[in-house]
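Pasting run_19.txt here (compact mmCIF, C-alpha atoms):
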# COMPACT_ATOMS: atom_id res chain seq x y z
CA MET B 1 63.95 69.11 -7.22
CA GLU B 2 66.84 67.68 -9.26
CA MET B 3 70.45 68.71 -9.57
CA SER B 4 73.42 67.55 -11.57
CA LYS B 5 76.12 65.68 -9.68
CA ASN B 6 78.14 68.10 -7.64
CA LYS B 7 79.65 68.07 -4.19
CA GLY B 8 77.00 68.96 -1.69
CA ASP B 9 73.98 68.12 -3.90
CA HIS B 10 72.07 66.43 -1.08
CA ARG B 11 72.68 69.31 1.31
CA SER B 12 71.72 71.80 -1.40
CA ARG B 13 68.47 69.95 -2.14
CA ARG B 14 67.54 69.95 1.54
CA ARG B 15 68.27 73.66 1.95
CA CYS B 16 66.26 74.65 -1.10
CA MET B 17 63.24 72.68 0.07
CA GLU B 18 63.43 74.18 3.54
CA GLU B 19 63.73 77.74 2.34
CA GLY B 20 61.05 77.49 -0.31
CA ARG B 21 61.05 78.26 -3.98
CA ASP B 22 61.59 82.01 -3.54
CA ARG B 23 64.74 81.66 -1.42
CA VAL B 24 67.68 79.42 -2.34
CA ASP B 25 70.67 78.95 0.00
CA MET B 26 73.67 77.09 -1.38
CA SER B 27 76.35 78.77 0.71
CA GLY B 28 79.40 77.00 2.11
CA MET B 29 79.07 73.87 -0.03
CA SER B 30 82.46 73.87 -1.81
CA LEU B 31 80.76 74.26 -5.18
CA ASP B 32 83.12 74.87 -8.09
CA SER B 33 80.33 75.23 -10.64
CA PHE B 34 76.70 76.25 -10.45
CA PRO B 35 74.43 73.18 -10.07
CA PHE B 36 71.52 72.79 -12.45
CA LEU B 37 68.20 73.39 -10.70
CA SER B 38 65.01 72.04 -12.19
CA LEU B 39 63.01 74.96 -10.88
CA ASN B 40 62.03 78.15 -12.63
CA LEU B 41 64.84 80.60 -11.82
CA ALA B 42 62.40 83.46 -12.28
CA THR B 43 60.74 82.44 -9.00
CA ILE B 44 63.88 83.07 -6.92
CA SER B 45 63.98 86.33 -4.97
CA ASN B 46 66.99 85.60 -2.75
CA LEU B 47 69.98 83.58 -3.95
CA ASP B 48 72.94 82.82 -1.67
CA LEU B 49 76.02 81.27 -3.32
CA SER B 50 78.55 82.61 -0.83
CA ASN B 51 81.57 80.74 0.55
CA ASN B 52 82.08 78.40 -2.37
CA ASN B 53 84.76 77.96 -5.05
CA LEU B 54 82.92 79.44 -8.02
CA GLU B 55 85.17 80.96 -10.69
CA SER B 56 82.37 82.25 -12.88
CA ILE B 57 78.61 82.70 -13.07
CA PRO B 58 76.97 81.65 -16.36
CA GLU B 59 75.55 84.53 -18.40
CA SER B 60 72.44 82.50 -19.20
CA LEU B 61 71.75 81.77 -15.54
CA THR B 62 71.97 85.39 -14.45
CA ALA B 63 69.69 86.52 -17.26
CA ARG B 64 66.94 84.24 -15.96
CA LEU B 65 67.01 85.56 -12.38
CA LEU B 66 64.42 88.14 -13.36
CA ASN B 67 62.88 88.54 -9.89
CA VAL B 68 65.94 88.23 -7.68
CA VAL B 69 66.11 90.95 -5.04
CA ALA B 70 69.21 89.82 -3.13
CA LEU B 71 72.24 88.09 -4.66
CA ASP B 72 75.14 87.00 -2.46
CA VAL B 73 78.26 85.58 -4.15
CA ARG B 74 80.85 86.72 -1.61
CA SER B 75 83.90 84.60 -0.77
CA ASN B 76 84.31 82.77 -4.06
CA GLN B 77 86.99 82.87 -6.78
CA LEU B 78 85.17 85.14 -9.23
CA LYS B 79 87.40 87.13 -11.58
CA PHE B 80 84.53 88.85 -13.36
CA LEU B 81 80.77 89.26 -13.18
CA PRO B 82 78.52 88.38 -16.13
CA ASN B 83 77.33 91.27 -18.30
CA SER B 84 73.83 89.85 -17.98
CA ILE B 85 73.76 91.10 -14.39
CA GLY B 86 72.30 94.21 -15.98
CA CYS B 87 69.10 92.23 -16.56
CA LEU B 88 68.40 92.14 -12.82
CA SER B 89 66.10 95.14 -12.75
CA LYS B 90 64.66 94.23 -9.32
CA LEU B 91 67.99 93.59 -7.60
CA LYS B 92 68.34 95.61 -4.37
CA ILE B 93 71.27 93.96 -2.58
CA LEU B 94 74.42 92.70 -4.30
CA ASN B 95 77.35 91.27 -2.33
CA VAL B 96 80.43 90.37 -4.38
CA SER B 97 83.03 90.90 -1.64
CA SER B 98 86.08 88.71 -1.12
CA ASN B 99 86.56 87.64 -4.73
CA LEU B 100 89.20 88.39 -7.38
CA LEU B 101 87.33 91.08 -9.31
CA ARG B 102 89.41 93.70 -11.12
CA THR B 103 86.46 95.58 -12.59
CA LEU B 104 82.68 95.70 -12.40
CA PRO B 105 80.71 95.35 -15.64
CA LYS B 106 79.33 98.60 -17.01
CA THR B 107 75.95 96.87 -17.30
CA ILE B 108 75.64 97.02 -13.51
CA GLU B 109 74.32 100.54 -14.12
CA ASN B 110 71.11 98.94 -15.41
CA CYS B 111 70.35 97.56 -11.93
CA LYS B 112 68.40 100.71 -11.16
CA SER B 113 66.71 99.24 -8.06
CA LEU B 114 70.08 98.55 -6.40
CA GLU B 115 70.25 99.92 -2.86
CA GLU B 116 73.35 98.20 -1.48
CA LEU B 117 76.55 97.24 -3.30
CA ASN B 118 79.28 95.47 -1.36
CA ALA B 119 82.50 94.90 -3.32
CA ASN B 120 85.00 94.85 -0.45
CA PHE B 121 88.21 92.82 -0.58
CA ASN B 122 88.65 92.46 -4.32
CA GLN B 123 91.27 93.79 -6.73
CA LEU B 124 89.26 96.64 -8.20
CA THR B 125 91.37 99.36 -9.79
CA VAL B 126 88.47 101.42 -11.17
CA LEU B 127 84.70 101.69 -10.94
CA PRO B 128 82.50 102.27 -14.00
CA ASP B 129 82.82 105.95 -14.97
CA THR B 130 79.08 106.60 -15.12
CA ILE B 131 78.00 104.42 -12.20
CA GLY B 132 76.66 107.42 -10.28
CA PHE B 133 74.38 108.62 -13.07
CA GLU B 134 72.20 105.50 -13.12
CA LEU B 135 72.13 103.93 -9.64
CA ILE B 136 69.84 106.61 -8.25
CA ASN B 137 68.51 104.38 -5.45
CA LEU B 138 71.90 103.28 -4.10
CA LYS B 139 72.11 103.85 -0.34
CA LYS B 140 75.28 101.99 0.60
CA LEU B 141 78.47 101.63 -1.43
CA SER B 142 81.28 99.60 0.14
CA VAL B 143 84.47 99.22 -1.87
CA ASN B 144 87.06 98.98 0.90
CA ALA B 145 90.23 96.92 0.60
CA ASN B 146 90.70 97.26 -3.15
CA LYS B 147 93.23 99.07 -5.37
CA LEU B 148 91.20 102.13 -6.32
CA GLY B 149 93.24 105.21 -7.17
CA PHE B 150 90.20 107.46 -7.46
CA LEU B 151 86.41 107.45 -7.33
CA PRO B 152 84.57 108.43 -10.52
CA GLN B 153 83.21 111.95 -10.65
CA SER B 154 79.72 110.54 -11.19
CA ILE B 155 79.72 109.32 -7.57
CA SER B 156 78.64 112.85 -6.64
CA HIS B 157 75.27 112.18 -8.32
CA LEU B 158 74.30 109.37 -5.93
CA THR B 159 71.78 111.55 -4.11
CA SER B 160 70.29 108.63 -2.15
CA LEU B 161 73.67 107.44 -0.83
CA ARG B 162 73.91 107.20 2.96
CA VAL B 163 77.13 105.23 3.46
CA LEU B 164 80.32 105.44 1.39
CA ASP B 165 83.15 103.19 2.56
CA ALA B 166 86.33 103.47 0.49
CA ARG B 167 88.99 102.81 3.12
CA LEU B 168 92.06 100.65 2.48
CA ASN B 169 92.53 101.72 -1.13
CA CYS B 170 95.08 103.92 -2.87
CA LEU B 171 92.88 107.02 -3.29
CA ARG B 172 94.87 110.10 -4.28
CA PHE B 173 91.91 112.46 -4.23
CA LEU B 174 88.13 112.59 -3.84
CA PRO B 175 85.65 114.07 -6.35
CA GLU B 176 85.56 117.85 -6.03
CA ASP B 177 81.80 118.26 -6.36
CA MET B 178 80.35 116.15 -3.56
CA GLU B 179 77.66 118.61 -2.52
CA ASN B 180 74.89 116.58 -4.20
CA LEU B 181 75.33 113.79 -1.65
CA ILE B 182 72.72 115.40 0.55
CA ASN B 183 71.79 112.16 2.33
CA LEU B 184 75.31 110.90 3.03
CA GLU B 185 75.65 110.09 6.73
CA VAL B 186 78.88 108.07 6.89
CA LEU B 187 82.05 108.71 4.86
CA ASN B 188 85.11 106.53 5.45
CA VAL B 189 88.22 107.14 3.36
CA SER B 190 90.73 106.10 6.01
CA GLN B 191 93.92 104.10 5.53
CA ASN B 192 94.57 104.93 1.90
CA PHE B 193 98.24 104.07 2.33
CA GLN B 194 99.54 107.61 2.47
CA CYS B 195 98.13 108.53 -0.95
CA LEU B 196 95.36 110.92 0.10
CA GLU B 197 96.74 114.39 0.86
CA ASN B 198 93.77 116.72 0.45
CA LEU B 199 90.03 116.74 1.08
CA PRO B 200 87.58 118.63 -1.16
CA TYR B 201 86.05 121.83 0.19
CA SER B 202 82.65 120.50 -0.83
CA LEU B 203 82.65 118.27 2.28
CA GLY B 204 81.14 121.25 4.07
CA LEU B 205 77.97 120.84 2.01
CA LEU B 206 77.31 117.27 3.13
CA VAL B 207 74.45 118.46 5.27
CA SER B 208 73.53 114.99 6.60
CA LEU B 209 77.05 113.81 7.46
CA VAL B 210 77.28 112.27 10.93
CA GLU B 211 80.57 110.32 10.78
CA LEU B 212 83.77 111.21 8.93
CA ASP B 213 86.87 109.01 9.06
CA VAL B 214 89.98 110.24 7.26
CA SER B 215 92.54 108.58 9.54
CA TYR B 216 95.92 107.25 8.42
CA ASN B 217 96.38 109.32 5.29
CA LYS B 218 98.72 112.20 4.48
CA ILE B 219 96.40 115.10 5.21
CA THR B 220 98.03 118.22 6.67
CA SER B 221 94.99 120.50 6.77
CA LEU B 222 91.25 119.98 7.11
CA PRO B 223 89.01 122.10 4.86
CA ASP B 224 87.54 125.03 6.78
CA SER B 225 84.12 124.03 5.44
CA ILE B 226 84.06 121.05 7.81
CA GLY B 227 83.23 123.58 10.50
CA CYS B 228 79.82 123.97 8.83
CA LEU B 229 78.81 120.33 9.30
CA LYS B 230 76.09 120.79 11.88
CA LYS B 231 75.19 117.09 12.19
CA LEU B 232 78.76 115.78 12.43
CA GLN B 233 79.15 113.71 15.59
CA LYS B 234 82.28 111.61 14.94
CA LEU B 235 85.53 112.72 13.37
CA CYS B 236 88.59 110.48 13.15
CA VAL B 237 91.84 112.07 11.95
CA GLU B 238 94.59 110.12 13.73
CA GLY B 239 97.64 109.07 11.79
CA ASN B 240 97.78 112.24 9.65
CA PRO B 241 100.52 114.92 9.76
CA LEU B 242 97.91 117.56 10.62
CA VAL B 243 98.92 121.12 11.38
CA SER B 244 95.50 122.75 10.90
CA PRO B 245 93.65 122.66 13.16
CA PRO B 246 96.44 122.40 15.73
CA MET B 247 96.52 119.36 17.96
CA GLU B 248 95.62 121.40 21.03
CA VAL B 249 92.27 122.17 19.40
CA PHE B 250 91.62 118.48 18.69
CA GLU B 251 92.38 117.67 22.30
CA GLN B 252 89.47 119.83 23.41
CA SER B 253 86.41 118.51 21.55
CA LEU B 254 84.80 118.11 18.16
CA GLN B 255 82.83 121.28 18.78
CA ALA B 256 86.08 123.15 19.37
CA VAL B 257 87.41 121.90 16.03
CA LYS B 258 84.26 123.01 14.20
CA GLU B 259 84.35 126.42 15.84
CA TYR B 260 88.03 126.84 14.99
CA LEU B 261 87.43 126.05 11.31
CA SER B 262 84.35 128.27 11.15
CA GLU B 263 86.19 131.20 12.70
CA LYS B 264 89.08 130.67 10.32
CA MET B 265 86.69 130.87 7.38
CA LYS B 266 84.94 133.96 8.75
CA ALA B 267 88.29 135.64 9.26
CA GLY B 268 88.99 135.35 5.55
CA GLN B 269 91.92 132.96 5.89
CA SER B 270 90.71 130.47 3.27
CA PRO B 271 92.57 130.32 -0.06
CA PRO B 272 91.13 132.46 -2.89
CA LYS B 273 90.21 129.42 -4.98
CA LYS B 274 87.87 128.31 -2.19
CA GLN B 275 85.99 131.61 -2.13
CA SER B 276 83.35 130.39 -4.56
CA TRP B 277 82.36 127.72 -2.05
CA VAL B 278 81.42 130.31 0.57
CA GLY B 279 78.35 131.30 -1.42
CA LYS B 280 77.27 127.68 -1.65
CA LEU B 281 77.72 127.24 2.09
CA VAL B 282 75.62 130.33 2.73
CA LYS B 283 72.91 129.10 0.37
CA SER B 284 72.81 125.72 2.12
CA GLY B 285 72.31 127.47 5.48
CA THR B 286 75.47 126.08 7.08
CA PHE B 287 77.45 129.33 7.04
CA ASN B 288 76.32 132.87 7.87
CA GLY B 289 78.18 134.49 5.00
CA LYS B 290 80.39 136.73 7.15
CA ILE B 291 84.03 136.95 6.15
CA GLY B 292 86.27 138.82 8.52
CA GLY B 293 83.23 140.41 10.16
CA ARG B 294 81.91 141.78 6.86
CA PRO B 295 79.18 140.52 4.55
CA ARG B 296 80.42 138.39 1.71
CA GLY B 297 81.40 140.52 -1.25
CA GLU B 298 82.99 143.38 0.68
CA ARG B 299 86.29 141.62 0.83
CA GLU B 300 87.72 140.07 -2.31
CA GLY B 301 90.88 138.16 -3.08
CA PHE B 302 91.59 137.10 0.47
CA ILE B 303 94.49 134.68 1.00
CA MET B 304 95.55 132.29 3.71
CA ILE B 305 98.81 132.91 5.53
CA SER B 306 100.02 129.78 7.22
CA GLU B 307 100.84 130.56 10.83
CA TYR B 308 100.50 127.07 12.22
CA ARG B 309 103.48 125.41 13.81
CA SER B 310 104.24 121.77 13.03
CA ILE B 311 103.15 119.32 15.67
CA GLU B 312 106.22 117.25 16.50
CA GLY B 313 105.70 113.53 16.27
CA LEU B 314 102.65 113.56 14.01
CA ALA B 315 104.75 112.78 10.95
CA SER B 316 106.77 110.13 12.71
CA PRO B 317 106.54 106.39 11.93
CA ARG B 318 104.51 106.01 15.10
CA TYR B 319 101.58 107.68 13.34
CA MET B 320 102.25 107.22 9.63
CA GLY B 321 104.27 104.09 9.13
CA LEU B 322 102.30 101.54 11.09
CA LEU B 323 100.11 99.87 8.49
CA SER B 324 100.18 96.37 9.89
CA PRO B 325 96.91 94.38 9.82
CA ARG B 326 96.74 94.64 13.58
CA ARG B 327 96.73 98.44 13.43
CA LEU B 328 94.65 98.71 10.29
CA PHE B 329 91.77 96.73 11.70
CA SER B 330 92.01 97.60 15.39
CA PRO B 331 89.32 99.77 17.01
CA ARG B 332 90.11 103.48 16.84
CA LYS B 333 89.21 106.40 19.05
CA TYR B 334 86.85 108.89 17.50
CA LEU B 335 86.63 112.55 18.29
CA THR B 336 83.06 113.13 19.40
CA LYS B 337 80.97 115.87 20.81
Translate this file's structure into structure tokens.
Amino acid sequence: MEMSKNKGDHRSRRRCMEEGRDRVDMSGMSLDSFPFLSLNLATISNLDLSNNNLESIPESLTARLLNVVALDVRSNQLKFLPNSIGCLSKLKILNVSSNLLRTLPKTIENCKSLEELNANFNQLTVLPDTIGFELINLKKLSVNANKLGFLPQSISHLTSLRVLDARLNCLRFLPEDMENLINLEVLNVSQNFQCLENLPYSLGLLVSLVELDVSYNKITSLPDSIGCLKKLQKLCVEGNPLVSPPMEVFEQSLQAVKEYLSEKMKAGQSPPKKQSWVGKLVKSGTFNGKIGGRPRGEREGFIMISEYRSIEGLASPRYMGLLSPRRLFSPRKYLTK
């Protein structure tokens, strides 16, 4: 195997020979450009270029990685990904975290075998608008610690998605129609720097959801539909100025919170614009369709009258202003069953 002169050539040659021609590991070698390999790139299934100083990946190189299944380029200096990444039809795992990326190429939608996309710790401000329409096999999407102001509406079409991690961004809202995420088990939208004020009612239709973390945002009220999440086992809401449910309910248990929200919905205290969701909740089998003790349809135009007192201290700097790295990344207590 031959390589052009580059720092770490000898170490790279040894690693490649040890791993075999289907797996190439050139991580942590201070590479500032991709070394020329005299092997057929189409034979590589796993390529690790992490922890180097790469500023770009040649278009021609990526286009020849026809059989790569896992590509790891985390912890480099990449400002963009090559458009030819869309040629990687067999790619299942892509890790581009800890770079300088502002956008992802639209061609990434052609990686239809992709199951895991890790783009944490970049400078992303948007994701491709139609990313959710094409990546039908995506199971894990991690985009935490970026500058995202919103998630594209197409995200709701990722029906295979199990983990969505969008914490430490600037999210102002979540897509309204999330009910298609029937396999989503973990949703983390915590620590969005006081930008996120509301959660969509469609959260109640995430029938597989086990963990929900919305901590350190600006949420004052949880959607009643959360009471319909039968599989929910962990709920983290600390650092929000919550008034509904009241804190005394949270202090009891997660089950108490779910029962409180369910009873509130049955009593007909949800806003009128949320009424259309009740039918969807009934159809999904998570809600019994009773509103105020009557079958749905007997009571129209119901409104919510806020009768919840403010919980003193929840809106204080103690809960909302502490966004230091120590607090942001420290272990948090979850509300569990």
Could you put an axis-aligned box around every listed atom of segment 150-153 of chain B, padded by 3 Å on each side, and send me its centre and edge lengths in Å to one decimal, as lines of an AutoDock Vina configuration file?
center_x = 86.7
center_y = 109.7
center_z = -9.0
size_x = 13.0
size_y = 10.5
size_z = 9.3
At a cut-off of 10 Å, using all atoms listed in the file, what residues contact Gly149 of chain B? Leave out same-chain residues fewer than 4 positions from it and give the result as a ChimeraX atom specification. /B:124-127,169-174,192,195-196
May I ask which of the residues B:Ser202, B:Asn217, B:Ser60, B:Gln255 is the closest one to Gln233 of chain B, counting all atoms listed in the file? B:Gln255
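From atom CA of Val214 of chain B back to atom CA of Glu238 of chain B, the distance works out to 7.9 Å.
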For a cut-off of 12 Å around (99.4, 117.9, 0.1), file coordinates, pick out all residues using all atoms listed in the file and list them as a list in words.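 Applying the cut-off with all atoms listed in the file, one gets Arg172, Phe173, Gln194, Cys195, Leu196, Glu197, Asn198, Leu199, Pro200, Asn217, Lys218, Ile219, Thr220, Ser221, Leu222, Asn240, Pro241, Leu242 and Val243 of chain B.
In this comparison, which uses all atoms listed in the file, the residue of B:Leu209, B:Leu232, B:Leu114, B:Leu184 approaching Val68 of chain B most closely is B:Leu114.
Residue nearest Arg74 of chain B within the list B:Leu94, B:Leu135, B:Val24, B:Met247: B:Leu94 [criterion: smallest interatomic distance, all atoms listed in the file].
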Could you jot down the atom CA of Phe193 of chain B to atom CA of Asp165 of chain B separation for me, Å, one decimal place?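 Separation of atom CA of Phe193 of chain B and atom CA of Asp165 of chain B: 15.1 Å.
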My list of candidates is B:Val163, B:Leu78, B:Leu138, B:Ala119. Which is closest to Asn52 of chain B when distances are computed with only C-alpha atoms? B:Leu78
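With distances taken over all atoms listed in the file, B:Glu116 is the one residue among B:Glu59, B:Glu251, B:Glu116, B:Asp32 lying closest to Leu91 of chain B.
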When you count all atoms listed in the file, which of these residues is closest to Leu100 of chain B: B:Glu134, B:Asp213, B:Asp72, B:Glu55?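 Under the stated criterion, the closest residue is B:Glu55.
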By how many Å are atom CA of Glu185 of chain B and atom CA of Leu206 of chain B apart? 8.2 Å
Near Gln153 of chain B, within 10 Å and counting only C-alpha atoms, which residues show up once chain neighbours fewer than 2 positions away are dropped, as a tab-separated table (two decimals) with C-alpha atoms, in the frame of the given file?
chain	number	residue	atom	x	y	z
B	129	ASP	CA	82.82	105.95	-14.97
B	130	THR	CA	79.08	106.60	-15.12
B	131	ILE	CA	78.00	104.42	-12.20
B	132	GLY	CA	76.66	107.42	-10.28
B	133	PHE	CA	74.38	108.62	-13.07
B	150	PHE	CA	90.20	107.46	-7.46
B	151	LEU	CA	86.41	107.45	-7.33
B	155	ILE	CA	79.72	109.32	-7.57
B	156	SER	CA	78.64	112.85	-6.64
B	157	HIS	CA	75.27	112.18	-8.32
B	174	LEU	CA	88.13	112.59	-3.84
B	175	PRO	CA	85.65	114.07	-6.35
B	176	GLU	CA	85.56	117.85	-6.03
B	177	ASP	CA	81.80	118.26	-6.36
B	178	MET	CA	80.35	116.15	-3.56
Residue contacts of Ile85 of chain B (12 Å, only C-alpha atoms) excluding same-chain residues fewer than 2 positions away, as an NGL selection string: :B and (57-66 or 68 or 71 or 80-83 or 87-91 or 94 or 104-112 or 114)
(75.3, 92.7, -0.4) in this file's frame - what residues fall within 12 Å of it? Use all atoms listed in the file and give the answer as number ranges by chain. B: 46-50, 69-75, 91-98, 114-120, 138-143
